[in-house]
>>> print(open('data_10.pdb').read())   # PDB, C-alpha atoms
MODEL        1
ATOM      1  CA  MET A   1      51.858 -93.726 -94.421
ATOM      2  CA  ASP A   2      49.733 -92.678 -91.438
ATOM      3  CA  THR A   3      46.097 -93.186 -92.285
ATOM      4  CA  LYS A   4      44.863 -91.486 -89.107
ATOM      5  CA  LYS A   5      44.496 -87.758 -89.394
ATOM      6  CA  ASN A   6      44.370 -85.645 -86.263
ATOM      7  CA  LYS A   7      41.330 -83.523 -85.814
ATOM      8  CA  PRO A   8      41.967 -79.842 -85.245
ATOM      9  CA  GLY A   9      42.693 -79.146 -81.546
ATOM     10  CA  MET A  10      43.575 -82.799 -80.801
ATOM     11  CA  HIS A  11      47.042 -83.776 -79.580
ATOM     12  CA  THR A  12      48.927 -86.974 -80.280
ATOM     13  CA  SER A  13      49.902 -89.269 -77.423
ATOM     14  CA  GLU A  14      53.537 -88.140 -77.715
ATOM     15  CA  GLU A  15      52.491 -84.492 -77.363
ATOM     16  CA  MET A  16      50.337 -85.356 -74.345
ATOM     17  CA  ASP A  17      53.243 -87.175 -72.673
ATOM     18  CA  LYS A  18      55.533 -84.184 -73.252
ATOM     19  CA  MET A  19      52.941 -81.841 -71.723
ATOM     20  CA  ARG A  20      52.521 -84.089 -68.661
ATOM     21  CA  ARG A  21      56.302 -84.257 -68.133
ATOM     22  CA  ALA A  22      56.543 -80.458 -68.442
ATOM     23  CA  ASP A  23      53.746 -80.013 -65.886
ATOM     24  CA  LYS A  24      55.415 -82.438 -63.456
ATOM     25  CA  ARG A  25      58.763 -80.646 -63.882
ATOM     26  CA  ALA A  26      57.139 -77.248 -63.232
ATOM     27  CA  LEU A  27      55.393 -78.580 -60.101
ATOM     28  CA  TRP A  28      58.638 -80.122 -58.830
ATOM     29  CA  ASN A  29      60.495 -76.818 -59.409
ATOM     30  CA  LEU A  30      57.772 -74.919 -57.555
ATOM     31  CA  ARG A  31      57.967 -77.280 -54.580
ATOM     32  CA  GLN A  32      61.744 -76.865 -54.468
ATOM     33  CA  ARG A  33      61.419 -73.055 -54.297
ATOM     34  CA  ILE A  34      59.003 -73.152 -51.330
ATOM     35  CA  ASP A  35      60.803 -73.251 -47.995
ATOM     36  CA  THR A  36      58.553 -75.446 -45.854
ATOM     37  CA  ASP A  37      60.267 -74.406 -42.593
ATOM     38  CA  ASP A  38      58.806 -70.869 -42.863
ATOM     39  CA  VAL A  39      55.225 -72.160 -43.224
ATOM     40  CA  SER A  40      55.249 -74.654 -40.344
ATOM     41  CA  TYR A  41      53.478 -72.248 -37.946
ATOM     42  CA  LEU A  42      51.104 -69.282 -38.113
ATOM     43  CA  ASN A  43      52.193 -66.024 -36.497
ATOM     44  CA  ILE A  44      49.046 -64.075 -35.589
ATOM     45  CA  THR A  45      50.692 -61.318 -33.524
ATOM     46  CA  ALA A  46      50.429 -58.783 -36.331
ATOM     47  CA  MET A  47      46.776 -59.678 -36.891
ATOM     48  CA  MET A  48      46.009 -59.290 -33.168
ATOM     49  CA  ASP A  49      47.687 -55.874 -33.153
ATOM     50  CA  MET A  50      45.583 -54.784 -36.111
ATOM     51  CA  MET A  51      42.351 -56.041 -34.512
ATOM     52  CA  THR A  52      43.184 -54.262 -31.240
ATOM     53  CA  ILE A  53      43.736 -50.986 -33.074
ATOM     54  CA  LEU A  54      40.442 -51.399 -34.947
ATOM     55  CA  LEU A  55      38.607 -52.174 -31.694
ATOM     56  CA  VAL A  56      39.995 -49.076 -29.964
ATOM     57  CA  PHE A  57      39.158 -46.934 -32.997
ATOM     58  CA  MET A  58      35.567 -48.242 -33.053
ATOM     59  CA  LEU A  59      35.123 -47.683 -29.314
ATOM     60  CA  ILE A  60      36.376 -44.117 -29.551
ATOM     61  CA  SER A  61      34.184 -43.340 -32.563
ATOM     62  CA  PHE A  62      31.217 -45.009 -30.810
ATOM     63  CA  THR A  63      31.601 -42.765 -27.763
ATOM     64  CA  THR A  64      32.083 -39.547 -29.752
ATOM     65  CA  GLN A  65      29.025 -39.727 -31.978
ATOM     66  CA  THR A  66      26.877 -36.627 -31.988
ATOM     67  CA  SER A  67      23.282 -36.710 -30.879
ATOM     68  CA  ASN A  68      20.585 -36.325 -33.459
ATOM     69  CA  ILE A  69      17.132 -35.900 -31.952
ATOM     70  CA  THR A  70      14.163 -35.838 -34.278
ATOM     71  CA  GLN A  71      11.056 -34.184 -32.933
ATOM     72  CA  SER A  72       7.651 -35.494 -33.917
ATOM     73  CA  ASP A  73       4.073 -35.526 -32.682
ATOM     74  CA  GLN A  74       5.245 -38.143 -30.125
ATOM     75  CA  LEU A  75       8.267 -36.131 -28.946
ATOM     76  CA  ALA A  76       8.364 -32.336 -28.602
ATOM     77  CA  LEU A  77      11.233 -31.021 -26.459
ATOM     78  CA  ALA A  78      10.786 -28.317 -23.852
ATOM     79  CA  ALA A  79      12.467 -24.983 -24.584
ATOM     80  CA  SER A  80      15.265 -23.534 -22.451
ATOM     81  CA  ASN A  81      17.967 -20.865 -22.424
ATOM     82  CA  THR A  82      20.730 -23.344 -21.620
ATOM     83  CA  ALA A  83      24.112 -22.984 -23.287
ATOM     84  CA  LYS A  84      25.646 -26.345 -22.324
ATOM     85  CA  GLU A  85      26.807 -28.789 -24.951
ATOM     86  CA  ILE A  86      25.398 -32.312 -25.230
ATOM     87  CA  VAL A  87      27.684 -34.885 -23.620
ATOM     88  CA  GLU A  88      27.420 -38.368 -25.063
ATOM     89  CA  SER A  89      25.960 -40.950 -22.685
ATOM     90  CA  VAL A  90      23.221 -43.571 -22.693
ATOM     91  CA  SER A  91      20.029 -41.962 -23.953
ATOM     92  CA  VAL A  92      16.624 -42.671 -22.457
ATOM     93  CA  THR A  93      13.789 -41.179 -24.496
ATOM     94  CA  LEU A  94      10.290 -40.655 -23.104
ATOM     95  CA  THR A  95       7.688 -40.160 -25.825
ATOM     96  CA  LYS A  96       3.936 -40.016 -25.431
ATOM     97  CA  SER A  97       3.653 -43.709 -26.319
ATOM     98  CA  ALA A  98       6.898 -45.436 -25.267
ATOM     99  CA  ILE A  99      10.186 -45.350 -23.395
ATOM    100  CA  LEU A 100      13.224 -45.989 -25.577
ATOM    101  CA  VAL A 101      16.854 -46.763 -24.701
ATOM    102  CA  GLU A 102      19.276 -45.751 -27.454
ATOM    103  CA  GLY A 103      16.326 -45.525 -29.854
ATOM    104  CA  LYS A 104      15.063 -49.057 -29.134
ATOM    105  CA  PRO A 105      11.519 -49.289 -27.694
ATOM    106  CA  ILE A 106      11.592 -50.847 -24.234
ATOM    107  CA  VAL A 107       8.164 -50.328 -22.650
ATOM    108  CA  ASN A 108       4.857 -48.770 -23.696
ATOM    109  CA  VAL A 109       3.411 -45.649 -22.076
ATOM    110  CA  HIS A 110      -0.386 -45.340 -21.784
ATOM    111  CA  GLY A 111      -1.825 -41.961 -20.789
ATOM    112  CA  GLY A 112       1.468 -40.780 -19.287
ATOM    113  CA  ALA A 113       1.876 -43.872 -17.084
ATOM    114  CA  ILE A 114       3.381 -47.354 -17.132
ATOM    115  CA  ASP A 115       1.195 -50.442 -16.662
ATOM    116  CA  ALA A 116       1.425 -52.168 -13.282
ATOM    117  CA  SER A 117       2.539 -55.373 -15.030
ATOM    118  CA  ASP A 118       5.735 -53.580 -16.119
ATOM    119  CA  LYS A 119       6.589 -52.477 -12.570
ATOM    120  CA  ALA A 120       8.836 -54.503 -10.271
ATOM    121  CA  SER A 121       6.319 -54.260  -7.431
ATOM    122  CA  GLY A 122       3.368 -55.145  -9.667
ATOM    123  CA  ASP A 123       1.698 -51.977  -8.371
ATOM    124  CA  VAL A 124       0.900 -48.948 -10.527
ATOM    125  CA  ASN A 125       2.515 -46.751  -7.831
ATOM    126  CA  GLY A 126       5.829 -48.650  -7.947
ATOM    127  CA  LEU A 127       8.931 -46.720  -8.972
ATOM    128  CA  VAL A 128      11.026 -49.400 -10.715
ATOM    129  CA  ILE A 129      10.119 -50.093 -14.358
ATOM    130  CA  THR A 130      11.348 -53.663 -14.908
ATOM    131  CA  PRO A 131      11.959 -53.665 -18.729
ATOM    132  CA  LEU A 132      13.807 -50.343 -18.443
ATOM    133  CA  LEU A 133      15.910 -51.619 -15.541
ATOM    134  CA  ASN A 134      16.903 -54.722 -17.539
ATOM    135  CA  ALA A 135      17.860 -52.676 -20.608
ATOM    136  CA  LEU A 136      19.895 -50.196 -18.560
ATOM    137  CA  ASN A 137      21.661 -52.976 -16.644
ATOM    138  CA  GLU A 138      22.756 -54.500 -19.982
ATOM    139  CA  ARG A 139      23.965 -51.103 -21.170
ATOM    140  CA  ALA A 140      25.811 -50.472 -17.870
ATOM    141  CA  VAL A 141      27.840 -53.654 -18.410
ATOM    142  CA  LEU A 142      28.849 -52.408 -21.876
ATOM    143  CA  ASP A 143      29.647 -48.890 -20.609
ATOM    144  CA  LYS A 144      31.836 -50.316 -17.824
ATOM    145  CA  LYS A 145      33.796 -52.390 -20.354
ATOM    146  CA  ILE A 146      34.277 -49.333 -22.582
ATOM    147  CA  ALA A 147      35.465 -47.266 -19.599
ATOM    148  CA  ALA A 148      37.912 -50.010 -18.591
ATOM    149  CA  LEU A 149      39.335 -50.227 -22.117
ATOM    150  CA  LYS A 150      39.739 -46.451 -22.244
ATOM    151  CA  GLY A 151      41.323 -46.412 -18.781
ATOM    152  CA  THR A 152      38.613 -44.184 -17.308
ATOM    153  CA  VAL A 153      36.057 -44.581 -14.551
ATOM    154  CA  PHE A 154      32.442 -45.503 -15.312
ATOM    155  CA  GLU A 155      30.598 -42.212 -14.912
ATOM    156  CA  GLY A 156      27.066 -43.565 -14.743
ATOM    157  CA  ALA A 157      25.557 -40.680 -16.728
ATOM    158  CA  ALA A 158      22.262 -40.895 -18.578
ATOM    159  CA  THR A 159      20.768 -38.421 -21.018
ATOM    160  CA  ILE A 160      17.020 -38.140 -20.623
ATOM    161  CA  ILE A 161      15.095 -36.894 -23.641
ATOM    162  CA  ALA A 162      11.492 -36.283 -22.619
ATOM    163  CA  ASP A 163       8.435 -34.920 -24.338
ATOM    164  CA  LYS A 164       7.474 -31.560 -22.826
ATOM    165  CA  THR A 165       4.108 -33.008 -21.743
ATOM    166  CA  THR A 166       5.668 -35.925 -19.822
ATOM    167  CA  PRO A 167       4.145 -36.174 -16.334
ATOM    168  CA  TYR A 168       6.545 -35.546 -13.468
ATOM    169  CA  ARG A 169       5.667 -38.940 -11.948
ATOM    170  CA  LEU A 170       6.805 -40.795 -15.087
ATOM    171  CA  LEU A 171      10.021 -38.759 -15.215
ATOM    172  CA  THR A 172      10.653 -39.627 -11.547
ATOM    173  CA  GLU A 173      10.079 -43.332 -12.204
ATOM    174  CA  VAL A 174      12.530 -43.284 -15.128
ATOM    175  CA  MET A 175      15.189 -41.458 -13.091
ATOM    176  CA  TYR A 176      14.700 -43.804 -10.110
ATOM    177  CA  THR A 177      14.986 -46.865 -12.370
ATOM    178  CA  ALA A 178      18.121 -45.455 -14.013
ATOM    179  CA  GLY A 179      19.607 -44.923 -10.553
ATOM    180  CA  GLU A 180      18.928 -48.567  -9.712
ATOM    181  CA  ALA A 181      20.955 -49.495 -12.835
ATOM    182  CA  GLU A 182      23.902 -47.357 -11.591
ATOM    183  CA  TYR A 183      23.087 -44.356 -13.795
ATOM    184  CA  LYS A 184      22.986 -41.672 -11.117
ATOM    185  CA  LYS A 185      23.896 -38.567 -13.129
ATOM    186  CA  TYR A 186      21.199 -37.161 -15.378
ATOM    187  CA  ARG A 187      21.210 -34.701 -18.219
ATOM    188  CA  LEU A 188      17.882 -33.503 -19.552
ATOM    189  CA  ILE A 189      17.827 -32.549 -23.218
ATOM    190  CA  VAL A 190      15.886 -29.418 -24.104
ATOM    191  CA  LEU A 191      15.412 -27.288 -27.186
ATOM    192  CA  GLN A 192      17.555 -24.162 -27.027
ATOM    193  CA  LYS A 193      15.591 -20.946 -27.475
ATOM    194  CA  ARG A 194      16.819 -18.519 -30.096
ATOM    195  CA  GLN A 195      18.091 -15.299 -28.639
TER
ENDMDL
END
>>> encode(input="data_10.pdb", output="structure tokens")
Amino acid sequence: MDTKKNKPGMHTSEEMDKMRRADKRALWNLRQRIDTDDVSYLNITAMMDMMTILLVFMLISFTTQTSNITQSDQLALAASNTAKEIVESVSVTLTKSAILVEGKPIVNVHGGAIDASDKASGDVNGLVITPLLNALNERAVLDKKIAALKGTVFEGAATIIADKTTPYRLLTEVMYTAGEAEYKKYRLIVLQKRQ
């Protein structure tokens, strides 16, 4: 007579051995079903094709985004009777307090002028705004890559969004600096008058 009683949920050593043998048999059967020759290398061609398609899709959607210009006390657009549509390009915004490239503040504006320390010549009468030139040069590299991927020519167009009180001198400095960064075509954004 067996004096040891099994506690509920406990297995005898014979049951444990049977379970181990069953597990080993199942593992051996699984290994036999796997064909190791098919897994000896990784074919990434399909993944590269998918990534290329995603990249092209993102570039096309990036270049076809619509412009959304919010007016504020720092930026009030001039009114015009123009009927032309907005063409997407790098945007340079001139507010009363800063110059922005693609919405990112680049340099401060004080009283409608740029500090001499932000000019390439170090003179308040200089035309090249150094932080703006650097930002536009970086953007030109990106725009050239996008044009090459799309199979087009880099147009070098910039959209200038300026407050209606922007001094002509500041506008000239911005356009001159953009030209130095290979952006030689300008589009000025204005508020269309209601007819």
>>> closest_residue(input="data_10.pdb", among="A:Ala157, A:Met58, A:Ile106, A:Ile44", to="Thr130 in chain A", atoms="all atoms listed in the file")
A:Ile106
>>> axis_aligned_box(input="data_10.pdb", around="range 142-159 of chain A", padding_each_side="8 Å", output="JSON")
{"center_x": 31.0, "center_y": -45.4, "center_z": -18.6, "size_x": 36.6, "size_y": 30.0, "size_z": 24.0}
>>> atom_distance(input="data_10.pdb", atom1="CA of Leu171 in chain A", atom2="CA of Lys184 in chain A")
13.9 Å
>>> resolve_selection(input="data_10.pdb", expression="the PyMOL selection byres ((chain A and resi 97) around 6)", output="list in words")
Thr95, Lys96, Ala98, Asn108 and Val109 of chain A
>>> write_last_selection(input="data_10.pdb", atoms="C-alpha atoms", output="short mmCIF file (atom, residue, chain, number, x, y, z; two decimals), in the frame of the given file")
data_model
loop_
_atom_site.label_atom_id
_atom_site.label_comp_id
_atom_site.auth_asym_id
_atom_site.auth_seq_id
_atom_site.Cartn_x
_atom_site.Cartn_y
_atom_site.Cartn_z
CA THR A 95 7.69 -40.16 -25.82
CA LYS A 96 3.94 -40.02 -25.43
CA ALA A 98 6.90 -45.44 -25.27
CA ASN A 108 4.86 -48.77 -23.70
CA VAL A 109 3.41 -45.65 -22.08
#
>>> atom_distance(input="data_10.pdb", atom1="CA of Asp115 in chain A", atom2="CA of Thr159 in chain A")
23.4 Å
>>> atom_distance(input="data_10.pdb", atom1="CA of Tyr168 in chain A", atom2="CA of Leu142 in chain A")
29.2 Å
>>> resolve_selection(input="data_10.pdb", expression="the PyMOL selection byres ((chain A and resi 103) around 12)", output="PDB file with C-alpha atoms, in the coordinates of the input")
ATOM      1  CA  SER A  67      23.282 -36.710 -30.879  1.00  0.00           C
ATOM      2  CA  ASN A  68      20.585 -36.325 -33.459  1.00  0.00           C
ATOM      3  CA  ILE A  69      17.132 -35.900 -31.952  1.00  0.00           C
ATOM      4  CA  THR A  70      14.163 -35.838 -34.278  1.00  0.00           C
ATOM      5  CA  VAL A  90      23.221 -43.571 -22.693  1.00  0.00           C
ATOM      6  CA  SER A  91      20.029 -41.962 -23.953  1.00  0.00           C
ATOM      7  CA  VAL A  92      16.624 -42.671 -22.457  1.00  0.00           C
ATOM      8  CA  THR A  93      13.789 -41.179 -24.496  1.00  0.00           C
ATOM      9  CA  LEU A  94      10.290 -40.655 -23.104  1.00  0.00           C
ATOM     10  CA  THR A  95       7.688 -40.160 -25.825  1.00  0.00           C
ATOM     11  CA  ALA A  98       6.898 -45.436 -25.267  1.00  0.00           C
ATOM     12  CA  ILE A  99      10.186 -45.350 -23.395  1.00  0.00           C
ATOM     13  CA  LEU A 100      13.224 -45.989 -25.577  1.00  0.00           C
ATOM     14  CA  VAL A 101      16.854 -46.763 -24.701  1.00  0.00           C
ATOM     15  CA  GLU A 102      19.276 -45.751 -27.454  1.00  0.00           C
ATOM     16  CA  LYS A 104      15.063 -49.057 -29.134  1.00  0.00           C
ATOM     17  CA  PRO A 105      11.519 -49.289 -27.694  1.00  0.00           C
ATOM     18  CA  ILE A 106      11.592 -50.847 -24.234  1.00  0.00           C
ATOM     19  CA  VAL A 107       8.164 -50.328 -22.650  1.00  0.00           C
ATOM     20  CA  ALA A 135      17.860 -52.676 -20.608  1.00  0.00           C
ATOM     21  CA  ILE A 160      17.020 -38.140 -20.623  1.00  0.00           C
ATOM     22  CA  ILE A 161      15.095 -36.894 -23.641  1.00  0.00           C
TER      23      ILE A 161
END
>>> decode(input="data_10.pdb", residues="range 69-166 of chain A", atoms="C-alpha atoms", output="CSV table (one decimal), in the first residue's frame")
chain,number,residue,atom,x,y,z
A,69,ILE,CA,-1.5,81.1,-43.3
A,70,THR,CA,-2.8,82.3,-40.0
A,71,GLN,CA,-2.9,86.1,-39.6
A,72,SER,CA,-2.3,87.7,-36.3
A,73,ASP,CA,-1.2,91.0,-34.7
A,74,GLN,CA,2.4,90.0,-35.9
A,75,LEU,CA,1.3,89.1,-39.5
A,76,ALA,CA,-1.4,90.9,-41.5
A,77,LEU,CA,-1.2,90.3,-45.2
A,78,ALA,CA,-1.6,93.0,-47.8
A,79,ALA,CA,-4.8,93.0,-49.9
A,80,SER,CA,-4.8,92.4,-53.7
A,81,ASN,CA,-7.0,91.6,-56.6
A,82,THR,CA,-4.8,88.7,-57.8
A,83,ALA,CA,-6.5,85.5,-59.0
A,84,LYS,CA,-3.4,83.2,-59.1
A,85,GLU,CA,-3.3,80.0,-57.1
A,86,ILE,CA,-0.7,79.4,-54.4
A,87,VAL,CA,2.1,77.2,-55.7
A,88,GLU,CA,3.9,75.1,-53.0
A,89,SER,CA,7.5,76.1,-52.4
A,90,VAL,CA,9.7,77.0,-49.5
A,91,SER,CA,8.0,79.7,-47.4
A,92,VAL,CA,9.8,82.6,-45.9
A,93,THR,CA,7.6,84.6,-43.5
A,94,LEU,CA,8.4,88.1,-42.4
A,95,THR,CA,6.5,89.1,-39.2
A,96,LYS,CA,6.9,92.3,-37.2
A,97,SER,CA,9.2,90.4,-34.8
A,98,ALA,CA,10.9,87.6,-36.7
A,99,ILE,CA,11.8,85.9,-40.0
A,100,LEU,CA,10.6,82.3,-40.3
A,101,VAL,CA,11.5,79.6,-42.8
A,102,GLU,CA,8.7,76.9,-43.0
A,103,GLY,CA,7.3,78.2,-39.8
A,104,LYS,CA,10.5,77.9,-37.8
A,105,PRO,CA,11.9,81.2,-36.4
A,106,ILE,CA,15.3,82.0,-37.9
A,107,VAL,CA,16.2,85.5,-36.9
A,108,ASN,CA,14.6,88.3,-34.9
A,109,VAL,CA,13.4,91.6,-36.4
A,110,HIS,CA,13.7,94.8,-34.3
A,111,GLY,CA,11.9,97.9,-35.6
A,112,GLY,CA,11.6,96.6,-39.1
A,113,ALA,CA,15.4,95.8,-39.4
A,114,ILE,CA,17.9,93.0,-38.7
A,115,ASP,CA,20.7,93.5,-36.2
A,116,ALA,CA,24.2,94.1,-37.7
A,117,SER,CA,25.4,91.0,-35.9
A,118,ASP,CA,23.1,88.8,-38.0
A,119,LYS,CA,24.4,90.3,-41.3
A,120,ALA,CA,27.3,88.6,-43.2
A,121,SER,CA,29.1,92.0,-43.5
A,122,GLY,CA,28.6,92.8,-39.9
A,123,ASP,CA,27.1,96.1,-41.1
A,124,VAL,CA,23.5,97.2,-40.6
A,125,ASN,CA,23.4,98.1,-44.3
A,126,GLY,CA,24.5,94.7,-45.4
A,127,LEU,CA,22.1,92.7,-47.6
A,128,VAL,CA,22.9,89.1,-46.7
A,129,ILE,CA,21.2,87.8,-43.5
A,130,THR,CA,23.4,85.0,-42.3
A,131,PRO,CA,21.0,82.8,-40.3
A,132,LEU,CA,18.4,83.1,-43.2
A,133,LEU,CA,21.1,82.2,-45.7
A,134,ASN,CA,22.1,79.1,-43.7
A,135,ALA,CA,18.5,77.9,-43.3
A,136,LEU,CA,17.7,78.4,-47.0
A,137,ASN,CA,20.9,76.6,-48.1
A,138,GLU,CA,19.9,73.6,-46.0
A,139,ARG,CA,16.4,73.7,-47.5
A,140,ALA,CA,17.9,74.0,-51.1
A,141,VAL,CA,19.8,70.8,-50.6
A,142,LEU,CA,16.6,69.0,-49.6
A,143,ASP,CA,14.6,70.6,-52.5
A,144,LYS,CA,17.3,69.5,-55.0
A,145,LYS,CA,17.1,65.9,-53.7
A,146,ILE,CA,13.3,65.9,-54.0
A,147,ALA,CA,13.5,67.3,-57.6
A,148,ALA,CA,16.0,64.6,-58.5
A,149,LEU,CA,13.8,61.9,-57.1
A,150,LYS,CA,10.8,63.2,-59.0
A,151,GLY,CA,12.9,63.6,-62.2
A,152,THR,CA,12.3,67.3,-62.4
A,153,VAL,CA,14.6,70.3,-62.3
A,154,PHE,CA,15.2,72.4,-59.1
A,155,GLU,CA,13.0,75.5,-59.7
A,156,GLY,CA,14.5,77.6,-56.9
A,157,ALA,CA,11.1,79.2,-56.0
A,158,ALA,CA,10.4,80.8,-52.7
A,159,THR,CA,7.1,82.0,-51.3
A,160,ILE,CA,7.4,85.2,-49.3
A,161,ILE,CA,4.7,85.9,-46.8
A,162,ALA,CA,5.2,89.4,-45.4
A,163,ASP,CA,3.3,91.6,-43.0
A,164,LYS,CA,1.8,94.6,-44.9
A,165,THR,CA,3.9,97.0,-42.8
A,166,THR,CA,7.2,95.3,-43.6
